[in-house]
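Content type mmCIF, C-alpha atoms, from the file my_file_13.cif:
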```
data_input
loop_
_atom_site.group_PDB
_atom_site.id
_atom_site.type_symbol
_atom_site.label_atom_id
_atom_site.label_comp_id
_atom_site.auth_asym_id
_atom_site.auth_seq_id
_atom_site.Cartn_x
_atom_site.Cartn_y
_atom_site.Cartn_z
ATOM 1 C CA MET A 1 -7.565 22.766 -8.190
ATOM 2 C CA GLY A 2 -5.878 24.371 -5.189
ATOM 3 C CA SER A 3 -9.177 25.101 -3.492
ATOM 4 C CA THR A 4 -10.067 21.400 -3.485
ATOM 5 C CA VAL A 5 -6.815 20.626 -1.719
ATOM 6 C CA ASP A 6 -7.454 23.454 0.759
ATOM 7 C CA ALA A 7 -10.916 22.071 1.436
ATOM 8 C CA ALA A 8 -9.449 18.614 1.932
ATOM 9 C CA ASN A 9 -6.876 20.087 4.299
ATOM 10 C CA LYS A 10 -9.535 21.828 6.336
ATOM 11 C CA GLY A 11 -11.496 18.589 6.444
ATOM 12 C CA VAL A 12 -8.649 16.578 7.872
ATOM 13 C CA ASN A 13 -7.647 19.319 10.303
ATOM 14 C CA GLY A 14 -11.190 19.620 11.540
ATOM 15 C CA THR A 15 -11.578 15.933 12.286
ATOM 16 C CA ALA A 16 -8.175 14.416 12.787
ATOM 17 C CA SER A 17 -5.973 17.114 14.297
ATOM 18 C CA ALA A 18 -6.846 16.147 17.887
ATOM 19 C CA LYS A 19 -5.514 12.623 17.430
ATOM 20 C CA LYS A 20 -3.994 11.682 14.135
ATOM 21 C CA PRO A 21 -4.552 8.099 13.052
ATOM 22 C CA THR A 22 -1.656 5.637 12.886
ATOM 23 C CA VAL A 23 -0.869 4.869 9.269
ATOM 24 C CA ILE A 24 1.420 2.142 7.946
ATOM 25 C CA PHE A 25 2.230 2.009 4.242
ATOM 26 C CA VAL A 26 2.451 -1.557 2.890
ATOM 27 C CA LEU A 27 4.600 -1.948 -0.219
ATOM 28 C CA GLY A 28 5.777 -4.950 -2.205
ATOM 29 C CA GLY A 29 5.900 -6.102 -5.806
ATOM 30 C CA PRO A 30 3.188 -8.147 -7.525
ATOM 31 C CA GLY A 31 3.102 -11.606 -5.948
ATOM 32 C CA SER A 32 5.033 -10.570 -2.833
ATOM 33 C CA GLY A 33 2.156 -11.853 -0.666
ATOM 34 C CA LYS A 34 1.388 -8.514 1.000
ATOM 35 C CA GLY A 35 -2.398 -8.983 0.653
ATOM 36 C CA THR A 36 -2.300 -12.240 2.624
ATOM 37 C CA GLN A 37 -0.110 -10.692 5.321
ATOM 38 C CA CYS A 38 -2.378 -7.623 5.566
ATOM 39 C CA ALA A 39 -5.307 -9.949 6.318
ATOM 40 C CA TYR A 40 -3.249 -11.529 9.138
ATOM 41 C CA ILE A 41 -2.300 -8.118 10.579
ATOM 42 C CA VAL A 42 -5.964 -7.045 10.550
ATOM 43 C CA GLU A 43 -6.953 -10.238 12.367
ATOM 44 C CA HIS A 44 -4.159 -10.163 14.979
ATOM 45 C CA TYR A 45 -3.571 -6.441 15.566
ATOM 46 C CA GLY A 46 -6.909 -4.761 14.832
ATOM 47 C CA TYR A 47 -5.790 -2.565 11.943
ATOM 48 C CA THR A 48 -8.126 -1.542 9.113
ATOM 49 C CA HIS A 49 -6.845 -2.520 5.674
ATOM 50 C CA LEU A 50 -7.268 0.115 2.962
ATOM 51 C CA SER A 51 -6.287 -0.722 -0.602
ATOM 52 C CA ALA A 52 -5.939 2.279 -2.913
ATOM 53 C CA GLY A 53 -6.891 0.095 -5.906
ATOM 54 C CA ASP A 54 -10.008 -1.251 -4.178
ATOM 55 C CA LEU A 55 -11.125 2.273 -3.227
ATOM 56 C CA LEU A 56 -10.737 3.475 -6.824
ATOM 57 C CA ARG A 57 -12.676 0.444 -8.128
ATOM 58 C CA ALA A 58 -15.444 0.971 -5.551
ATOM 59 C CA GLU A 59 -15.725 4.644 -6.541
ATOM 60 C CA ILE A 60 -16.072 3.666 -10.231
ATOM 61 C CA LYS A 61 -18.724 1.084 -9.316
ATOM 62 C CA SER A 62 -20.694 3.662 -7.320
ATOM 63 C CA GLY A 63 -21.446 5.526 -10.562
ATOM 64 C CA SER A 64 -20.614 8.893 -8.958
ATOM 65 C CA GLU A 65 -19.317 11.825 -10.997
ATOM 66 C CA ASN A 66 -15.907 11.236 -9.451
ATOM 67 C CA GLY A 67 -16.117 7.529 -10.359
ATOM 68 C CA THR A 68 -16.920 8.310 -13.994
ATOM 69 C CA MET A 69 -13.950 10.675 -14.176
ATOM 70 C CA ILE A 70 -11.648 7.973 -12.717
ATOM 71 C CA GLN A 71 -13.006 5.384 -15.165
ATOM 72 C CA ASN A 72 -12.441 7.673 -18.149
ATOM 73 C CA MET A 73 -8.891 8.429 -17.065
ATOM 74 C CA ILE A 74 -8.086 4.719 -16.698
ATOM 75 C CA LYS A 75 -9.698 3.990 -20.107
ATOM 76 C CA GLU A 76 -7.536 6.664 -21.724
ATOM 77 C CA GLY A 77 -4.453 5.158 -20.112
ATOM 78 C CA LYS A 78 -3.919 8.216 -17.916
ATOM 79 C CA ILE A 79 -2.673 8.028 -14.359
ATOM 80 C CA VAL A 80 -5.310 8.950 -11.777
ATOM 81 C CA PRO A 81 -4.055 12.122 -10.031
ATOM 82 C CA SER A 82 -2.632 11.612 -6.534
ATOM 83 C CA GLU A 83 -5.179 14.023 -5.069
ATOM 84 C CA VAL A 84 -8.093 11.838 -6.212
ATOM 85 C CA THR A 85 -6.679 8.689 -4.588
ATOM 86 C CA ILE A 86 -5.641 10.592 -1.460
ATOM 87 C CA LYS A 87 -9.126 12.058 -1.050
ATOM 88 C CA LEU A 88 -10.627 8.557 -1.222
ATOM 89 C CA LEU A 89 -8.120 7.309 1.366
ATOM 90 C CA GLN A 90 -8.767 10.343 3.562
ATOM 91 C CA LYS A 91 -12.541 9.836 3.378
ATOM 92 C CA ALA A 92 -12.160 6.128 4.238
ATOM 93 C CA ILE A 93 -9.964 7.014 7.249
ATOM 94 C CA GLN A 94 -12.373 9.688 8.497
ATOM 95 C CA GLU A 95 -15.481 7.546 8.082
ATOM 96 C CA ASN A 96 -13.971 4.522 9.802
ATOM 97 C CA GLY A 97 -14.191 4.295 13.583
ATOM 98 C CA ASN A 98 -10.697 2.821 13.820
ATOM 99 C CA ASP A 99 -7.508 4.835 14.333
ATOM 100 C CA LYS A 100 -4.976 2.332 12.889
ATOM 101 C CA PHE A 101 -4.693 1.775 9.153
ATOM 102 C CA LEU A 102 -2.671 -0.310 6.729
ATOM 103 C CA ILE A 103 -2.535 1.495 3.390
ATOM 104 C CA ASP A 104 -1.760 -1.123 0.788
ATOM 105 C CA GLY A 105 -0.204 -0.399 -2.622
ATOM 106 C CA PHE A 106 0.206 3.313 -1.967
ATOM 107 C CA PRO A 107 2.207 5.526 -2.363
ATOM 108 C CA ARG A 108 3.155 4.127 -5.781
ATOM 109 C CA ASN A 109 5.711 6.847 -6.428
ATOM 110 C CA GLU A 110 7.447 9.865 -4.895
ATOM 111 C CA GLU A 111 4.751 12.266 -6.073
ATOM 112 C CA ASN A 112 2.044 10.162 -4.340
ATOM 113 C CA ARG A 113 4.095 10.164 -1.162
ATOM 114 C CA ALA A 114 4.715 13.907 -1.044
ATOM 115 C CA ALA A 115 1.079 14.688 -1.882
ATOM 116 C CA PHE A 116 -0.261 12.309 0.797
ATOM 117 C CA GLU A 117 1.821 13.908 3.554
ATOM 118 C CA LYS A 118 0.992 17.429 2.355
ATOM 119 C CA VAL A 119 -2.769 16.913 2.010
ATOM 120 C CA THR A 120 -3.427 14.726 5.058
ATOM 121 C CA GLU A 121 -0.585 16.029 7.269
ATOM 122 C CA ILE A 122 -0.066 12.405 8.287
ATOM 123 C CA GLU A 123 3.333 10.785 8.163
ATOM 124 C CA PRO A 124 3.365 6.979 8.283
ATOM 125 C CA LYS A 125 4.534 5.333 11.483
ATOM 126 C CA PHE A 126 6.624 3.077 9.253
ATOM 127 C CA VAL A 127 6.658 1.353 5.866
ATOM 128 C CA LEU A 128 6.240 -2.414 5.760
ATOM 129 C CA PHE A 129 8.183 -3.549 2.700
ATOM 130 C CA PHE A 130 7.708 -7.117 1.467
ATOM 131 C CA ASP A 131 10.993 -7.789 -0.269
ATOM 132 C CA CYS A 132 10.717 -10.752 -2.618
ATOM 133 C CA PRO A 133 13.055 -11.789 -5.458
ATOM 134 C CA GLU A 134 11.627 -11.390 -8.945
ATOM 135 C CA GLU A 135 11.985 -15.138 -9.716
ATOM 136 C CA GLU A 136 9.878 -16.062 -6.673
ATOM 137 C CA MET A 137 7.169 -13.502 -7.536
ATOM 138 C CA GLU A 138 7.091 -14.836 -11.104
ATOM 139 C CA ARG A 139 6.761 -18.408 -9.842
ATOM 140 C CA ARG A 140 3.848 -17.470 -7.560
ATOM 141 C CA LEU A 141 2.006 -15.415 -10.159
ATOM 142 C CA LEU A 142 2.428 -18.027 -12.881
ATOM 143 C CA GLY A 143 1.187 -20.653 -10.422
ATOM 144 C CA ARG A 144 -1.964 -18.565 -9.944
ATOM 145 C CA ASN A 145 -2.636 -18.057 -13.665
ATOM 146 C CA GLN A 146 -1.916 -21.253 -15.483
ATOM 147 C CA GLY A 147 -2.358 -21.279 -19.214
ATOM 148 C CA ARG A 148 -1.034 -18.221 -20.995
ATOM 149 C CA GLU A 149 2.498 -18.459 -19.665
ATOM 150 C CA ASP A 150 4.352 -16.488 -22.350
ATOM 151 C CA ASP A 151 1.864 -13.700 -22.320
ATOM 152 C CA ASN A 152 1.832 -13.662 -18.555
ATOM 153 C CA ILE A 153 5.556 -13.648 -17.974
ATOM 154 C CA GLU A 154 5.946 -10.503 -20.085
ATOM 155 C CA THR A 155 3.163 -8.731 -18.196
ATOM 156 C CA ILE A 156 4.577 -9.840 -14.852
ATOM 157 C CA ARG A 157 8.052 -8.569 -15.741
ATOM 158 C CA LYS A 158 6.615 -5.243 -16.863
ATOM 159 C CA ARG A 159 4.669 -4.892 -13.592
ATOM 160 C CA PHE A 160 7.787 -5.736 -11.608
ATOM 161 C CA LYS A 161 9.879 -3.201 -13.563
ATOM 162 C CA VAL A 162 7.266 -0.478 -12.947
ATOM 163 C CA PHE A 163 7.211 -1.364 -9.251
ATOM 164 C CA LEU A 164 11.003 -1.091 -9.000
ATOM 165 C CA GLU A 165 11.226 2.176 -10.907
ATOM 166 C CA SER A 166 8.393 3.961 -9.142
ATOM 167 C CA SER A 167 8.204 2.496 -5.631
ATOM 168 C CA LEU A 168 11.887 2.086 -4.790
ATOM 169 C CA PRO A 169 12.474 5.864 -4.471
ATOM 170 C CA VAL A 170 9.635 5.918 -1.894
ATOM 171 C CA ILE A 171 11.267 3.073 0.044
ATOM 172 C CA GLN A 172 14.658 4.833 -0.122
ATOM 173 C CA TYR A 173 13.111 8.090 1.136
ATOM 174 C CA TYR A 174 11.675 6.379 4.235
ATOM 175 C CA GLU A 175 14.788 4.234 4.676
ATOM 176 C CA ALA A 176 16.785 7.438 5.114
ATOM 177 C CA LYS A 177 14.371 8.330 7.943
ATOM 178 C CA GLY A 178 14.766 4.888 9.546
ATOM 179 C CA LYS A 179 11.125 4.055 8.859
ATOM 180 C CA VAL A 180 11.365 0.957 6.665
ATOM 181 C CA ARG A 181 10.673 -2.483 8.124
ATOM 182 C CA LYS A 182 11.869 -4.968 5.517
ATOM 183 C CA ILE A 183 10.266 -8.408 5.492
ATOM 184 C CA HIS A 184 11.914 -11.298 3.623
ATOM 185 C CA ALA A 185 8.837 -12.379 1.707
ATOM 186 C CA ALA A 186 10.203 -15.354 -0.257
ATOM 187 C CA LYS A 187 9.580 -17.724 2.654
ATOM 188 C CA PRO A 188 6.364 -19.711 3.329
ATOM 189 C CA ILE A 189 3.366 -17.643 4.519
ATOM 190 C CA GLU A 190 3.634 -18.669 8.196
ATOM 191 C CA ASP A 191 7.373 -17.887 8.339
ATOM 192 C CA VAL A 192 6.774 -14.491 6.751
ATOM 193 C CA PHE A 193 4.093 -13.754 9.355
ATOM 194 C CA GLN A 194 6.554 -14.575 12.155
ATOM 195 C CA GLU A 195 8.741 -11.741 10.815
ATOM 196 C CA VAL A 196 5.707 -9.459 10.573
ATOM 197 C CA LYS A 197 4.766 -10.283 14.173
ATOM 198 C CA ALA A 198 8.255 -9.320 15.316
ATOM 199 C CA VAL A 199 7.687 -5.862 13.780
ATOM 200 C CA PHE A 200 4.212 -5.344 15.248
ATOM 201 C CA SER A 201 4.667 -6.767 18.716
ATOM 202 C CA PRO A 202 8.324 -6.862 19.760
ATOM 203 C CA GLU A 203 7.333 -7.014 23.421
ATOM 204 C CA ALA A 204 4.872 -9.879 22.957
ATOM 205 C CA GLU A 205 7.424 -11.597 20.775
ATOM 206 C CA LYS A 206 10.018 -11.469 23.579
ATOM 207 C CA VAL A 207 7.550 -12.893 26.083
ATOM 208 C CA GLU A 208 6.606 -15.772 23.766
ATOM 209 C CA ALA A 209 10.208 -16.641 22.960
#
```
If you convert what's in this file into structure tokens, what do you get?
Amino acid sequence: MGSTVDAANKGVNGTASAKKPTVIFVLGGPGSGKGTQCAYIVEHYGYTHLSAGDLLRAEIKSGSENGTMIQNMIKEGKIVPSEVTIKLLQKAIQENGNDKFLIDGFPRNEENRAAFEKVTEIEPKFVLFFDCPEEEMERRLLGRNQGREDDNIETIRKRFKVFLESSLPVIQYYEAKGKVRKIHAAKPIEDVFQEVKAVFSPEAEKVEA
């Protein structure tokens, strides 16, 4: 197991040590609207959007040995090891010509966070945290999936609870380092993006004002 990590380390050192890419972690509960805002950031600021979930799904779809292993783990209800997700993120970063990345929905917990920094030797520039009250997230998600409301509300609450329990320690860790940029995500999409813009281009924001 260790040798794989060593190999991954060598890989990143060989290619990225000269100029490490800029990485921003994007975190927020289900229905916080972070996907929509990521699309705006890509369009306005030239970042590449990487979703850990999408990368895992693409790997499964590819039918590779790695993909089959991931699929089996998910089927058995096991958590995909951090190293697997990190290697997919690392590969996506190395194969992309860009040097600025939004990593969406990762790290999901403290272990993910520590492993990412250890394996890639990249520390995020900051963490963009879409802070949205549970009631508002519920309203949005139920609005998206009409029909099975009772069933849905339970699932939504479970997802929210998992997010709070696992992701909040990550947010607190970076908060202590002064690296969290909190966005009040309960507002309409355009208003939320105004807050996002203030984080990404303070200078431009001052000029426009």
Item to complete: Could you expand the PyMOL selection byres ((chain A and resi 110-126) around 8) into the explicit residues it covers here, written as a PyMOL selection string?
Response: chain A and resi 5+8-9+12+20-25+82-83+86+90+106-109+127-128+166-167+169-170+174+179-181
Report, as AutoDock Vina command-line options, the centre and edge lengths in Å (one decimal) of the axis-aligned box enclosing every listed atom of range 57-75 of chain A, padded by 5 Å on each side.
```
--center_x -14.8 --center_y 6.1 --center_z -12.8 --size_x 23.4 --size_y 21.4 --size_z 24.6
```
Worksheet entry | the PyMOL selection byres ((chain A and resi 103) around 6) resolved against shown file, as a ChimeraX atom specification | /A:25-26,50-51,102,104
Grab the residues selected above and save them as a PDB file, in the coordinates of the input with C-alpha atoms.
```
ATOM      1  CA  PHE A  25       2.230   2.009   4.242  1.00  0.00           C
ATOM      2  CA  VAL A  26       2.451  -1.557   2.890  1.00  0.00           C
ATOM      3  CA  LEU A  50      -7.268   0.115   2.962  1.00  0.00           C
ATOM      4  CA  SER A  51      -6.287  -0.722  -0.602  1.00  0.00           C
ATOM      5  CA  LEU A 102      -2.671  -0.310   6.729  1.00  0.00           C
ATOM      6  CA  ASP A 104      -1.760  -1.123   0.788  1.00  0.00           C
TER       7      ASP A 104
END
```
Fill in: Chain and number of each residue from the PyMOL selection byres ((chain A and resi 45-48) around 8), as a list in words
Ile41, Val42, Glu43, His44, His49, Leu50, Asn98, Asp99, Lys100, Phe101, Leu102 and Phe200 of chain A
Saved selection, atoms kept: C-alpha atoms, as a compact mmCIF listing (two decimals), keeping the file's coordinate frame:
```txt
# COMPACT_ATOMS: atom_id res chain seq x y z
CA ILE A 41 -2.30 -8.12 10.58
CA VAL A 42 -5.96 -7.04 10.55
CA GLU A 43 -6.95 -10.24 12.37
CA HIS A 44 -4.16 -10.16 14.98
CA HIS A 49 -6.84 -2.52 5.67
CA LEU A 50 -7.27 0.12 2.96
CA ASN A 98 -10.70 2.82 13.82
CA ASP A 99 -7.51 4.84 14.33
CA LYS A 100 -4.98 2.33 12.89
CA PHE A 101 -4.69 1.78 9.15
CA LEU A 102 -2.67 -0.31 6.73
CA PHE A 200 4.21 -5.34 15.25
```
Discussion item. One number please: CA of Glu175 in chain A to CA of Leu27 in chain A, in Å, one decimal.
Written reply: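 These atoms are spaced 12.9 Å apart.
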Fill in: Coordinates-based distance that separates CA of Glu138 in chain A from CA of Glu154 in chain A (Å, one decimal)
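So the two atoms, CA of Glu154 in chain A and CA of Glu138 in chain A, lie 10.0 Å apart.
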Discussion item. Given all atoms listed in the file as the basis, pick out the residue of A:Ile74, A:Gln194, A:Ser64, A:Glu135 nearest to Ile156 in chain A.
Written reply: A:Glu135
Practice prompt. Measuring atom to atom with all atoms listed in the file, identify which of A:Met137, A:Leu89, A:Cys38, A:Ala185 is nearest to Arg159 in chain A.
Written response: A:Met137
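Comparing the minimum interatomic distances between Asp54 in chain A and each of A:Met73, A:Leu88, A:Val162, A:Val80, counting all atoms listed in the file, we find that A:Leu88 sits nearest.
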Practice prompt. For CA of Phe160 in chain A and CA of Ile70 in chain A, determine how far apart the two atoms are, in Å to one decimal place.
Written response: 23.8 Å
Worksheet entry | Best match for closeness to Lys197 in chain A among A:Ile183, A:Thr68, A:Ala92, A:Arg139, counting all atoms listed in the file | A:Ile183
